[in-house]
Amino acid sequence: MIILRMAAKRGSLNGMKWRYIVRRLCIAVPTFFGITLIVYIIASFAPGSPLDAFLADPRITAAELARKKTAMGLDRPVAVQYLMWLKAFLGGDFGFSFSTKKPVLDVIIQRMGPTLLLAFSSVVLSVAAAVFLGISAASRINTVRDYAASGLSLFMLSSPNFFVGLVLIYIFSVKLKLLPSNGLYDSAGEKSFGMLLRHMILPVLVLSFQHIGNWTRHMRSSVISTLTEDYIRTARAKGLGRTQTILRHALRNSLTPLLTVIGMSIPEFVGGAVITEQIFSWPGVGSLMVQAISSRDYPVIMGITVFVALLALLSNLVTDILYGQLDPRVRYE
Amino acid sequence: MKIPKLEHGRGFRPISVFTRHKFAVAGLIVILSEIILVVLLPVIFKMDPIVSDLSSFGAKPGAGHLLGTDSIGRDLFARLVYGGRTSLFVGFMSTLFAVALGVPLGLLAGYYRRWVECAVMRLVEVFMSFPSMVLILVLVSVIGPSVWTVTVVIGFLGWTQFARLVFASVLTIREKEYVLSASAIGSSDAAIILKYIFPGAVNPVLIAGTFMTASSILLESSLSFLGMGVQPPASSWGSMLYDAQSIAVLSGKPWQWIPPGFMLILTVLCINFLGDGIRNMLEPKNKTNI
């Protein structure tokens with residue numbers, strides 16, 4: 001706090017930046033609680049109750065059912081239930097899954113590994129592909145190469161990822177029997193890193209598909225607008241070649257706007273990998289979400305929502321700050 | 001002597017810029033014919049997407065059923081056409097819903113500033129900082145999945161981009177002299193907003209609206225694919241692909257799931273082409289220096 005105040009007193013750009021970060025954090029905290037409150041209320045209005053699972057047991061008595069209800073806190077008003085949840089959450093306790101009876105935090109952390117692996121690989125692949133395609137298109141605007149790259153990116157953006165997944169499984173798993181389409185490892189055999197890599201190829205491709213399309217379009221327009229700058233003309237006039245001009249002068253400045261787009265989509269990779277994980281039976285957070293929703297497992301739904309919301313707020317914040325670092329022209333207000 | 005044509009001078013016709021973009025024109029034609037087909041075909045041929053043909057289950061494409069039948073004997077061509085109705089309906093209606101919510105809020109926030117701006121733009125930040133897929137899943141499963149639920153939920157979570165776009169436009173327009181002169185001659189706030197400010201904010205909304213229609217169609221199909229969107233016996237392109245999650249249908253009956261997938265890509269691609277064409281027309285690009 002002292003460092004912050006000193007920086008602010010100097011009135012330097014650094015101080016402005018810190019004040020901006022603190023202000024953003026002040027907005028992020030109520031936003032976070034707002035999201036949890038909204039999701040809690042929505043989830044509690046859901047038809048069906050987690051007690052339904054016990055009703056399936058013909059031997060259960062009314063007294064026992066009532067005892068279970070009290071134990072789960074379901075007899076209190078929603079507001080009290082939310083406050084109970086919030087208090088426990090701040091103490092690091094996410095509650096227990098209604099369906100598996102395991103602590104929610106453990107369940108989510110256990111599922112986080114595969115999701116992060118998938119998400120990280122896809123982000124790397126998407127960025128690499130989008131930067132390459134975007135530059136290819138923008139450096140020769142309105143040529144066959146531009147049309148090919150732009151057309152490809154629009155096609156990728158327009159393809160529903162579940163259909164892409166089905167087509168890839170049909171070709172590579174069913175017909176060619178080249179790649180597995182199920183889970184992290186084969187059911188038989190030793191679990192090796194090579195096996196994991198083979199299992200990752202199709203899910204990573206599917207999860208990246210639309211993002212490559214989207215980011216290529218952003219990269220292309222960003223490079224095009226950078227190429228209208230005077231310093232590009234200067235570099236060219238000095239006799240620097242096209243490729244060198246683009247790599248040395250245009251690339252860095254074109255990446256900054258792309259960074260915002262990437263930062264905004266990070267939560268989509270973790271929370272939004274629902275479809276990809278579902279198709280490939282990937283044991284991650286996305287498929288956990290689908291299971292939790294279909295079994296009305298509120299603590300798990302809440303846990304995932306909180307995780308994803310935190311991640312979204314954090315990645316937005318980090319993106320904003322990085323943006324200023326990379327582009328010193330950005331002024332914080 | 002050849003006189004260079006002026007892009008923005010007199011005689012600049014947006015329509016001719018649009019028609020020069022061949023893919024956009026093709027996209028417009030495909031979308032319009034799709035709308036006409038999904039409306040007219042069922043009326044002309046008396047199609048029924050729900051009734052089962054008890055003599056043919058999981059049939060291949062052939063004379064009786066153009067695209068074959070699904071596992072419980074429903075005609076796949078009829079389901080494809082009705083699925084198209086659903087997909088296009090959800091795409092356009094949810095966008096309209098988002099526009100109807102976002103544009104007025106953006107106009108008010110930009111015109112009145114102060115606390116209105118604060119309230120609206122904070123709300124936008126809350127909505128934007130949340131990954132939509134998770135919230136949509138929760139909302140849809142709670143309200144109960146149906147065509148209307150999906151439409152309203154997608155629209156409800158999509159309004160923020162319109163509010164932001166309109167807000168940004170209004171901030172520059174409200175400083176223009178014609179707005180000042182309008183308020184000087186005593187026009188009411190409502191008249192100023194509707195007559196002088198709103199028309200200047202239409203273009204970005206039109207562009208973003210076209211792209212949102214495409215992404216809404218994708219979102220609806222994803223939800224239906226997960227079984228949380230349009231419910232059987234109603235048909236949607238996404239729900240037609242739901243069956244293909246089983247390996248038997250996926251590997252043995254490709255005619256069941258390839259046509260709806262193909263139609264989805266074609267439709268979304270065409271709407272995106274259209275969006276690109278509209279953007280080129282309304283926001284002409286700069287020339288590069290390389």
# chains A, B, ... in the order shown; residues from 1 in each chain; ligands from 1

call {"tool": "select_by_dssp", "arguments": {"residues": "region 69-278 of chain B", "states": "helix (DSSP H, G or I)", "output": "PyMOL selection string"}}
result
chain B and resi 76-112+114-128+132-143+147-156+159-173+177-184+189-225+237-240+242-245+247-252+254-278

call {"tool": "interface_residues", "arguments": {"of": "chain A", "to": "chain B", "cutoff": "7 Å", "atoms": "only C-alpha atoms", "output": "VMD selection string"}}
result
chain A and resid 31 42 to 43 45 to 47 154 to 155 158 to 160 163 170 174 224 227 to 228 232 to 233 267 to 268 271 to 272 309 312 to 313

call {"tool": "residues_around", "arguments": {"residues": "Thr86 (chain B)", "least_positions_apart": "4", "cutoff": "9 Å", "atoms": "only C-alpha atoms", "output": "list in words"}}
result
Val81, Tyr82, Val90, Gly91, Val147, Val230, Ala234, Ser235, Ser236 and Trp237 of chain B

call {"tool": "closest_residue", "arguments": {"among": "A:Ala188, A:Leu90, A:Leu317, A:Val164", "to": "Thr276 (chain A)", "atoms": "only C-alpha atoms"}}
result
A:Val164

call {"tool": "residues_around", "arguments": {"residues": "Ser139 (chain A)", "least_positions_apart": "2", "cutoff": "12 Å", "atoms": "only C-alpha atoms", "output": "PyMOL selection string"}}
result
(chain A and resi 131-137+141-147+149+219-228+241-247+250-251) or (chain B and resi 287-290)

call {"tool": "residues_around", "arguments": {"residues": "region 112-129 of chain A", "least_positions_apart": "6", "cutoff": "7 Å", "atoms": "only C-alpha atoms", "output": "ChimeraX atom specification"}}
result
/A:204,207-208,211-212,269-270,283-285

call {"tool": "write_last_selection", "arguments": {"atoms": "all heavy atoms", "output": "tab-separated table (two decimals), in the first residue's frame"}}
result
chain	number	residue	atom	x	y	z
A	204	VAL	N	-7.30	-30.93	-29.10
A	204	VAL	CA	-6.64	-29.62	-29.22
A	204	VAL	C	-7.02	-28.97	-30.54
A	204	VAL	O	-7.33	-27.77	-30.59
A	204	VAL	CB	-5.10	-29.78	-29.10
A	204	VAL	CG1	-4.39	-28.51	-29.53
A	204	VAL	CG2	-4.72	-30.13	-27.67
A	207	LEU	N	-10.66	-27.68	-30.20
A	207	LEU	CA	-10.79	-26.52	-29.32
A	207	LEU	C	-10.16	-25.28	-29.96
A	207	LEU	O	-10.60	-24.16	-29.73
A	207	LEU	CB	-10.14	-26.82	-27.96
A	207	LEU	CG	-10.36	-25.80	-26.86
A	207	LEU	CD1	-11.85	-25.58	-26.64
A	207	LEU	CD2	-9.73	-26.26	-25.56
A	208	SER	N	-9.12	-25.49	-30.79
A	208	SER	CA	-8.44	-24.34	-31.40
A	208	SER	C	-9.18	-23.82	-32.62
A	208	SER	O	-9.03	-22.66	-32.99
A	208	SER	CB	-7.03	-24.75	-31.84
A	208	SER	OG	-6.35	-25.38	-30.82
A	211	HIS	N	-11.07	-20.54	-32.63
A	211	HIS	CA	-10.22	-19.45	-32.17
A	211	HIS	C	-9.19	-19.07	-33.23
A	211	HIS	O	-8.87	-17.89	-33.39
A	211	HIS	CB	-9.53	-19.83	-30.86
A	211	HIS	CG	-10.48	-19.89	-29.71
A	211	HIS	ND1	-10.99	-21.05	-29.20
A	211	HIS	CD2	-11.06	-18.89	-29.01
A	211	HIS	CE1	-11.81	-20.78	-28.23
A	211	HIS	NE2	-11.88	-19.47	-28.07
A	212	ILE	N	-8.66	-20.07	-33.95
A	212	ILE	CA	-7.72	-19.75	-35.02
A	212	ILE	C	-8.42	-18.84	-36.04
A	212	ILE	O	-7.87	-17.82	-36.45
A	212	ILE	CB	-7.20	-21.03	-35.71
A	212	ILE	CG1	-6.37	-21.85	-34.73
A	212	ILE	CG2	-6.38	-20.69	-36.94
A	212	ILE	CD1	-5.88	-23.18	-35.28
A	269	PHE	N	-11.63	-20.93	-22.87
A	269	PHE	CA	-10.89	-22.17	-23.04
A	269	PHE	C	-11.10	-23.10	-21.85
A	269	PHE	O	-11.07	-24.30	-21.99
A	269	PHE	CB	-9.39	-21.88	-23.18
A	269	PHE	CG	-8.98	-21.54	-24.57
A	269	PHE	CD1	-8.90	-20.23	-24.99
A	269	PHE	CD2	-8.70	-22.54	-25.48
A	269	PHE	CE1	-8.54	-19.92	-26.28
A	269	PHE	CE2	-8.33	-22.25	-26.77
A	269	PHE	CZ	-8.25	-20.93	-27.17
A	270	VAL	N	-11.30	-22.51	-20.68
A	270	VAL	CA	-11.45	-23.34	-19.49
A	270	VAL	C	-12.92	-23.67	-19.26
A	270	VAL	O	-13.30	-24.83	-19.15
A	270	VAL	CB	-10.84	-22.65	-18.26
A	270	VAL	CG1	-11.07	-23.48	-17.03
A	270	VAL	CG2	-9.36	-22.42	-18.48
A	283	PRO	N	-11.64	-35.85	-19.30
A	283	PRO	CA	-12.06	-35.71	-17.90
A	283	PRO	C	-11.70	-34.35	-17.32
A	283	PRO	O	-10.92	-34.24	-16.37
A	283	PRO	CB	-11.29	-36.83	-17.20
A	283	PRO	CG	-10.07	-37.02	-18.03
A	283	PRO	CD	-10.43	-36.67	-19.44
A	284	GLY	N	-12.25	-33.28	-17.87
A	284	GLY	CA	-11.93	-31.93	-17.42
A	284	GLY	C	-13.10	-31.22	-16.77
A	284	GLY	O	-14.15	-31.82	-16.50
A	285	VAL	N	-12.94	-29.92	-16.54
A	285	VAL	CA	-13.95	-29.12	-15.86
A	285	VAL	C	-15.21	-28.98	-16.73
A	285	VAL	O	-16.33	-28.97	-16.21
A	285	VAL	CB	-13.38	-27.73	-15.52
A	285	VAL	CG1	-14.44	-26.86	-14.88
A	285	VAL	CG2	-12.20	-27.86	-14.60

call {"tool": "residues_around", "arguments": {"residues": "Phe18 (chain B)", "least_positions_apart": "2", "cutoff": "8 Å", "atoms": "only C-alpha atoms", "output": "ChimeraX atom specification"}}
result
/B:14-16,20-21,24-25,277-278,280-281

call {"tool": "residues_around", "arguments": {"residues": "Glu34 (chain B)", "least_positions_apart": "6", "cutoff": "10 Å", "atoms": "only C-alpha atoms", "output": "number ranges by chain"}}
result
B: 28, 40, 81, 84-85, 88, 263, 267

call {"tool": "decode", "arguments": {"residues": "region 193-242 of chain B", "atoms": "N, CA and C atoms", "output": "PDB file, in the first residue's frame"}}
result
ATOM      1  N   ILE B 193     -32.413  12.463 -29.354  1.00  0.00           N
ATOM      2  CA  ILE B 193     -31.840  11.114 -29.380  1.00  0.00           C
ATOM      3  C   ILE B 193     -32.315  10.361 -30.619  1.00  0.00           C
ATOM      4  N   LEU B 194     -33.626  10.411 -30.862  1.00  0.00           N
ATOM      5  CA  LEU B 194     -34.166   9.594 -31.954  1.00  0.00           C
ATOM      6  C   LEU B 194     -33.828  10.164 -33.323  1.00  0.00           C
ATOM      7  N   LYS B 195     -33.895  11.503 -33.473  1.00  0.00           N
ATOM      8  CA  LYS B 195     -33.753  12.078 -34.808  1.00  0.00           C
ATOM      9  C   LYS B 195     -32.310  12.366 -35.173  1.00  0.00           C
ATOM     10  N   TYR B 196     -31.483  12.754 -34.214  1.00  0.00           N
ATOM     11  CA  TYR B 196     -30.142  13.213 -34.560  1.00  0.00           C
ATOM     12  C   TYR B 196     -29.026  12.280 -34.096  1.00  0.00           C
ATOM     13  N   ILE B 197     -29.238  11.606 -32.979  1.00  0.00           N
ATOM     14  CA  ILE B 197     -28.141  10.784 -32.461  1.00  0.00           C
ATOM     15  C   ILE B 197     -28.238   9.342 -32.945  1.00  0.00           C
ATOM     16  N   PHE B 198     -29.432   8.762 -32.841  1.00  0.00           N
ATOM     17  CA  PHE B 198     -29.589   7.358 -33.192  1.00  0.00           C
ATOM     18  C   PHE B 198     -29.139   7.034 -34.620  1.00  0.00           C
ATOM     19  N   PRO B 199     -29.532   7.842 -35.643  1.00  0.00           N
ATOM     20  CA  PRO B 199     -29.133   7.484 -37.012  1.00  0.00           C
ATOM     21  C   PRO B 199     -27.616   7.360 -37.179  1.00  0.00           C
ATOM     22  N   GLY B 200     -26.857   8.159 -36.411  1.00  0.00           N
ATOM     23  CA  GLY B 200     -25.404   8.093 -36.530  1.00  0.00           C
ATOM     24  C   GLY B 200     -24.802   6.868 -35.884  1.00  0.00           C
ATOM     25  N   ALA B 201     -25.602   6.167 -35.057  1.00  0.00           N
ATOM     26  CA  ALA B 201     -25.062   5.015 -34.339  1.00  0.00           C
ATOM     27  C   ALA B 201     -25.526   3.693 -34.953  1.00  0.00           C
ATOM     28  N   VAL B 202     -26.237   3.795 -36.091  1.00  0.00           N
ATOM     29  CA  VAL B 202     -26.840   2.592 -36.663  1.00  0.00           C
ATOM     30  C   VAL B 202     -25.800   1.659 -37.280  1.00  0.00           C
ATOM     31  N   ASN B 203     -24.818   2.225 -38.012  1.00  0.00           N
ATOM     32  CA  ASN B 203     -23.883   1.387 -38.769  1.00  0.00           C
ATOM     33  C   ASN B 203     -23.179   0.300 -37.959  1.00  0.00           C
ATOM     34  N   PRO B 204     -22.515   0.676 -36.848  1.00  0.00           N
ATOM     35  CA  PRO B 204     -21.835  -0.389 -36.100  1.00  0.00           C
ATOM     36  C   PRO B 204     -22.799  -1.444 -35.580  1.00  0.00           C
ATOM     37  N   VAL B 205     -24.039  -1.022 -35.256  1.00  0.00           N
ATOM     38  CA  VAL B 205     -25.022  -1.986 -34.764  1.00  0.00           C
ATOM     39  C   VAL B 205     -25.382  -2.988 -35.859  1.00  0.00           C
ATOM     40  N   LEU B 206     -25.531  -2.472 -37.079  1.00  0.00           N
ATOM     41  CA  LEU B 206     -25.871  -3.332 -38.209  1.00  0.00           C
ATOM     42  C   LEU B 206     -24.780  -4.376 -38.433  1.00  0.00           C
ATOM     43  N   ILE B 207     -23.523  -3.910 -38.364  1.00  0.00           N
ATOM     44  CA  ILE B 207     -22.400  -4.830 -38.598  1.00  0.00           C
ATOM     45  C   ILE B 207     -22.331  -5.875 -37.490  1.00  0.00           C
ATOM     46  N   ALA B 208     -22.338  -5.409 -36.237  1.00  0.00           N
ATOM     47  CA  ALA B 208     -22.234  -6.350 -35.116  1.00  0.00           C
ATOM     48  C   ALA B 208     -23.442  -7.274 -35.067  1.00  0.00           C
ATOM     49  N   GLY B 209     -24.616  -6.746 -35.456  1.00  0.00           N
ATOM     50  CA  GLY B 209     -25.826  -7.559 -35.446  1.00  0.00           C
ATOM     51  C   GLY B 209     -25.730  -8.722 -36.416  1.00  0.00           C
ATOM     52  N   THR B 210     -25.144  -8.462 -37.595  1.00  0.00           N
ATOM     53  CA  THR B 210     -25.001  -9.542 -38.571  1.00  0.00           C
ATOM     54  C   THR B 210     -24.099 -10.636 -38.015  1.00  0.00           C
ATOM     55  N   PHE B 211     -22.970 -10.226 -37.426  1.00  0.00           N
ATOM     56  CA  PHE B 211     -22.061 -11.235 -36.878  1.00  0.00           C
ATOM     57  C   PHE B 211     -22.690 -11.953 -35.690  1.00  0.00           C
ATOM     58  N   MET B 212     -23.501 -11.233 -34.904  1.00  0.00           N
ATOM     59  CA  MET B 212     -24.109 -11.912 -33.760  1.00  0.00           C
ATOM     60  C   MET B 212     -25.119 -12.957 -34.208  1.00  0.00           C
ATOM     61  N   THR B 213     -25.836 -12.668 -35.321  1.00  0.00           N
ATOM     62  CA  THR B 213     -26.777 -13.656 -35.836  1.00  0.00           C
ATOM     63  C   THR B 213     -26.046 -14.961 -36.126  1.00  0.00           C
ATOM     64  N   ALA B 214     -24.873 -14.858 -36.755  1.00  0.00           N
ATOM     65  CA  ALA B 214     -24.093 -16.051 -37.060  1.00  0.00           C
ATOM     66  C   ALA B 214     -23.692 -16.782 -35.788  1.00  0.00           C
ATOM     67  N   SER B 215     -23.200 -16.026 -34.794  1.00  0.00           N
ATOM     68  CA  SER B 215     -22.722 -16.724 -33.602  1.00  0.00           C
ATOM     69  C   SER B 215     -23.885 -17.257 -32.768  1.00  0.00           C
ATOM     70  N   SER B 216     -25.060 -16.605 -32.840  1.00  0.00           N
ATOM     71  CA  SER B 216     -26.220 -17.137 -32.113  1.00  0.00           C
ATOM     72  C   SER B 216     -26.641 -18.482 -32.686  1.00  0.00           C
ATOM     73  N   ILE B 217     -26.585 -18.593 -34.027  1.00  0.00           N
ATOM     74  CA  ILE B 217     -26.950 -19.864 -34.653  1.00  0.00           C
ATOM     75  C   ILE B 217     -25.996 -20.954 -34.180  1.00  0.00           C
ATOM     76  N   LEU B 218     -24.713 -20.620 -34.097  1.00  0.00           N
ATOM     77  CA  LEU B 218     -23.732 -21.592 -33.604  1.00  0.00           C
ATOM     78  C   LEU B 218     -24.006 -21.963 -32.150  1.00  0.00           C
ATOM     79  N   LEU B 219     -24.341 -20.956 -31.342  1.00  0.00           N
ATOM     80  CA  LEU B 219     -24.578 -21.185 -29.924  1.00  0.00           C
ATOM     81  C   LEU B 219     -25.801 -22.084 -29.718  1.00  0.00           C
ATOM     82  N   GLU B 220     -26.865 -21.775 -30.456  1.00  0.00           N
ATOM     83  CA  GLU B 220     -28.083 -22.586 -30.349  1.00  0.00           C
ATOM     84  C   GLU B 220     -27.779 -24.030 -30.715  1.00  0.00           C
ATOM     85  N   SER B 221     -27.024 -24.219 -31.811  1.00  0.00           N
ATOM     86  CA  SER B 221     -26.759 -25.591 -32.245  1.00  0.00           C
ATOM     87  C   SER B 221     -25.891 -26.317 -31.216  1.00  0.00           C
ATOM     88  N   SER B 222     -24.956 -25.588 -30.593  1.00  0.00           N
ATOM     89  CA  SER B 222     -24.127 -26.233 -29.567  1.00  0.00           C
ATOM     90  C   SER B 222     -24.976 -26.692 -28.395  1.00  0.00           C
ATOM     91  N   LEU B 223     -25.897 -25.813 -27.953  1.00  0.00           N
ATOM     92  CA  LEU B 223     -26.755 -26.174 -26.830  1.00  0.00           C
ATOM     93  C   LEU B 223     -27.616 -27.375 -27.179  1.00  0.00           C
ATOM     94  N   SER B 224     -28.202 -27.358 -28.388  1.00  0.00           N
ATOM     95  CA  SER B 224     -29.062 -28.467 -28.792  1.00  0.00           C
ATOM     96  C   SER B 224     -28.250 -29.746 -28.917  1.00  0.00           C
ATOM     97  N   PHE B 225     -27.000 -29.606 -29.349  1.00  0.00           N
ATOM     98  CA  PHE B 225     -26.125 -30.769 -29.466  1.00  0.00           C
ATOM     99  C   PHE B 225     -25.883 -31.398 -28.091  1.00  0.00           C
ATOM    100  N   LEU B 226     -25.767 -30.543 -27.069  1.00  0.00           N
ATOM    101  CA  LEU B 226     -25.554 -31.047 -25.715  1.00  0.00           C
ATOM    102  C   LEU B 226     -26.847 -31.573 -25.097  1.00  0.00           C
ATOM    103  N   GLY B 227     -27.975 -31.371 -25.804  1.00  0.00           N
ATOM    104  CA  GLY B 227     -29.250 -31.795 -25.269  1.00  0.00           C
ATOM    105  C   GLY B 227     -29.857 -30.745 -24.355  1.00  0.00           C
ATOM    106  N   MET B 228     -29.311 -29.516 -24.375  1.00  0.00           N
ATOM    107  CA  MET B 228     -29.832 -28.465 -23.509  1.00  0.00           C
ATOM    108  C   MET B 228     -30.437 -27.314 -24.297  1.00  0.00           C
ATOM    109  N   GLY B 229     -30.744 -27.576 -25.564  1.00  0.00           N
ATOM    110  CA  GLY B 229     -31.363 -26.531 -26.364  1.00  0.00           C
ATOM    111  C   GLY B 229     -32.753 -26.961 -26.772  1.00  0.00           C
ATOM    112  N   VAL B 230     -32.994 -26.979 -28.065  1.00  0.00           N
ATOM    113  CA  VAL B 230     -34.288 -27.384 -28.595  1.00  0.00           C
ATOM    114  C   VAL B 230     -34.537 -28.854 -28.258  1.00  0.00           C
ATOM    115  N   GLN B 231     -35.701 -29.141 -27.692  1.00  0.00           N
ATOM    116  CA  GLN B 231     -35.972 -30.493 -27.228  1.00  0.00           C
ATOM    117  C   GLN B 231     -36.781 -31.300 -28.243  1.00  0.00           C
ATOM    118  N   PRO B 232     -36.544 -32.609 -28.342  1.00  0.00           N
ATOM    119  CA  PRO B 232     -37.352 -33.444 -29.215  1.00  0.00           C
ATOM    120  C   PRO B 232     -38.800 -33.422 -28.743  1.00  0.00           C
ATOM    121  N   PRO B 233     -39.798 -33.562 -29.626  1.00  0.00           N
ATOM    122  CA  PRO B 233     -39.645 -33.907 -31.035  1.00  0.00           C
ATOM    123  C   PRO B 233     -39.317 -32.717 -31.942  1.00  0.00           C
ATOM    124  N   ALA B 234     -39.259 -31.495 -31.385  1.00  0.00           N
ATOM    125  CA  ALA B 234     -38.903 -30.354 -32.238  1.00  0.00           C
ATOM    126  C   ALA B 234     -37.513 -30.589 -32.812  1.00  0.00           C
ATOM    127  N   SER B 235     -37.270 -29.964 -33.961  1.00  0.00           N
ATOM    128  CA  SER B 235     -36.021 -30.244 -34.648  1.00  0.00           C
ATOM    129  C   SER B 235     -35.151 -29.004 -34.740  1.00  0.00           C
ATOM    130  N   SER B 236     -33.843 -29.189 -34.645  1.00  0.00           N
ATOM    131  CA  SER B 236     -32.891 -28.114 -34.926  1.00  0.00           C
ATOM    132  C   SER B 236     -31.643 -28.791 -35.477  1.00  0.00           C
ATOM    133  N   TRP B 237     -30.836 -28.037 -36.207  1.00  0.00           N
ATOM    134  CA  TRP B 237     -29.662 -28.661 -36.811  1.00  0.00           C
ATOM    135  C   TRP B 237     -28.735 -29.235 -35.745  1.00  0.00           C
ATOM    136  N   GLY B 238     -28.654 -28.530 -34.623  1.00  0.00           N
ATOM    137  CA  GLY B 238     -27.794 -29.031 -33.547  1.00  0.00           C
ATOM    138  C   GLY B 238     -28.339 -30.320 -32.951  1.00  0.00           C
ATOM    139  N   SER B 239     -29.673 -30.393 -32.734  1.00  0.00           N
ATOM    140  CA  SER B 239     -30.221 -31.589 -32.108  1.00  0.00           C
ATOM    141  C   SER B 239     -30.178 -32.779 -33.061  1.00  0.00           C
ATOM    142  N   MET B 240     -30.150 -32.506 -34.390  1.00  0.00           N
ATOM    143  CA  MET B 240     -30.010 -33.620 -35.330  1.00  0.00           C
ATOM    144  C   MET B 240     -28.624 -34.255 -35.205  1.00  0.00           C
ATOM    145  N   LEU B 241     -27.677 -33.478 -34.711  1.00  0.00           N
ATOM    146  CA  LEU B 241     -26.327 -34.010 -34.545  1.00  0.00           C
ATOM    147  C   LEU B 241     -26.151 -34.695 -33.190  1.00  0.00           C
ATOM    148  N   TYR B 242     -27.165 -34.527 -32.321  1.00  0.00           N
ATOM    149  CA  TYR B 242     -27.106 -35.113 -30.988  1.00  0.00           C
ATOM    150  C   TYR B 242     -26.932 -36.632 -31.065  1.00  0.00           C
TER     151      TYR B 242
END
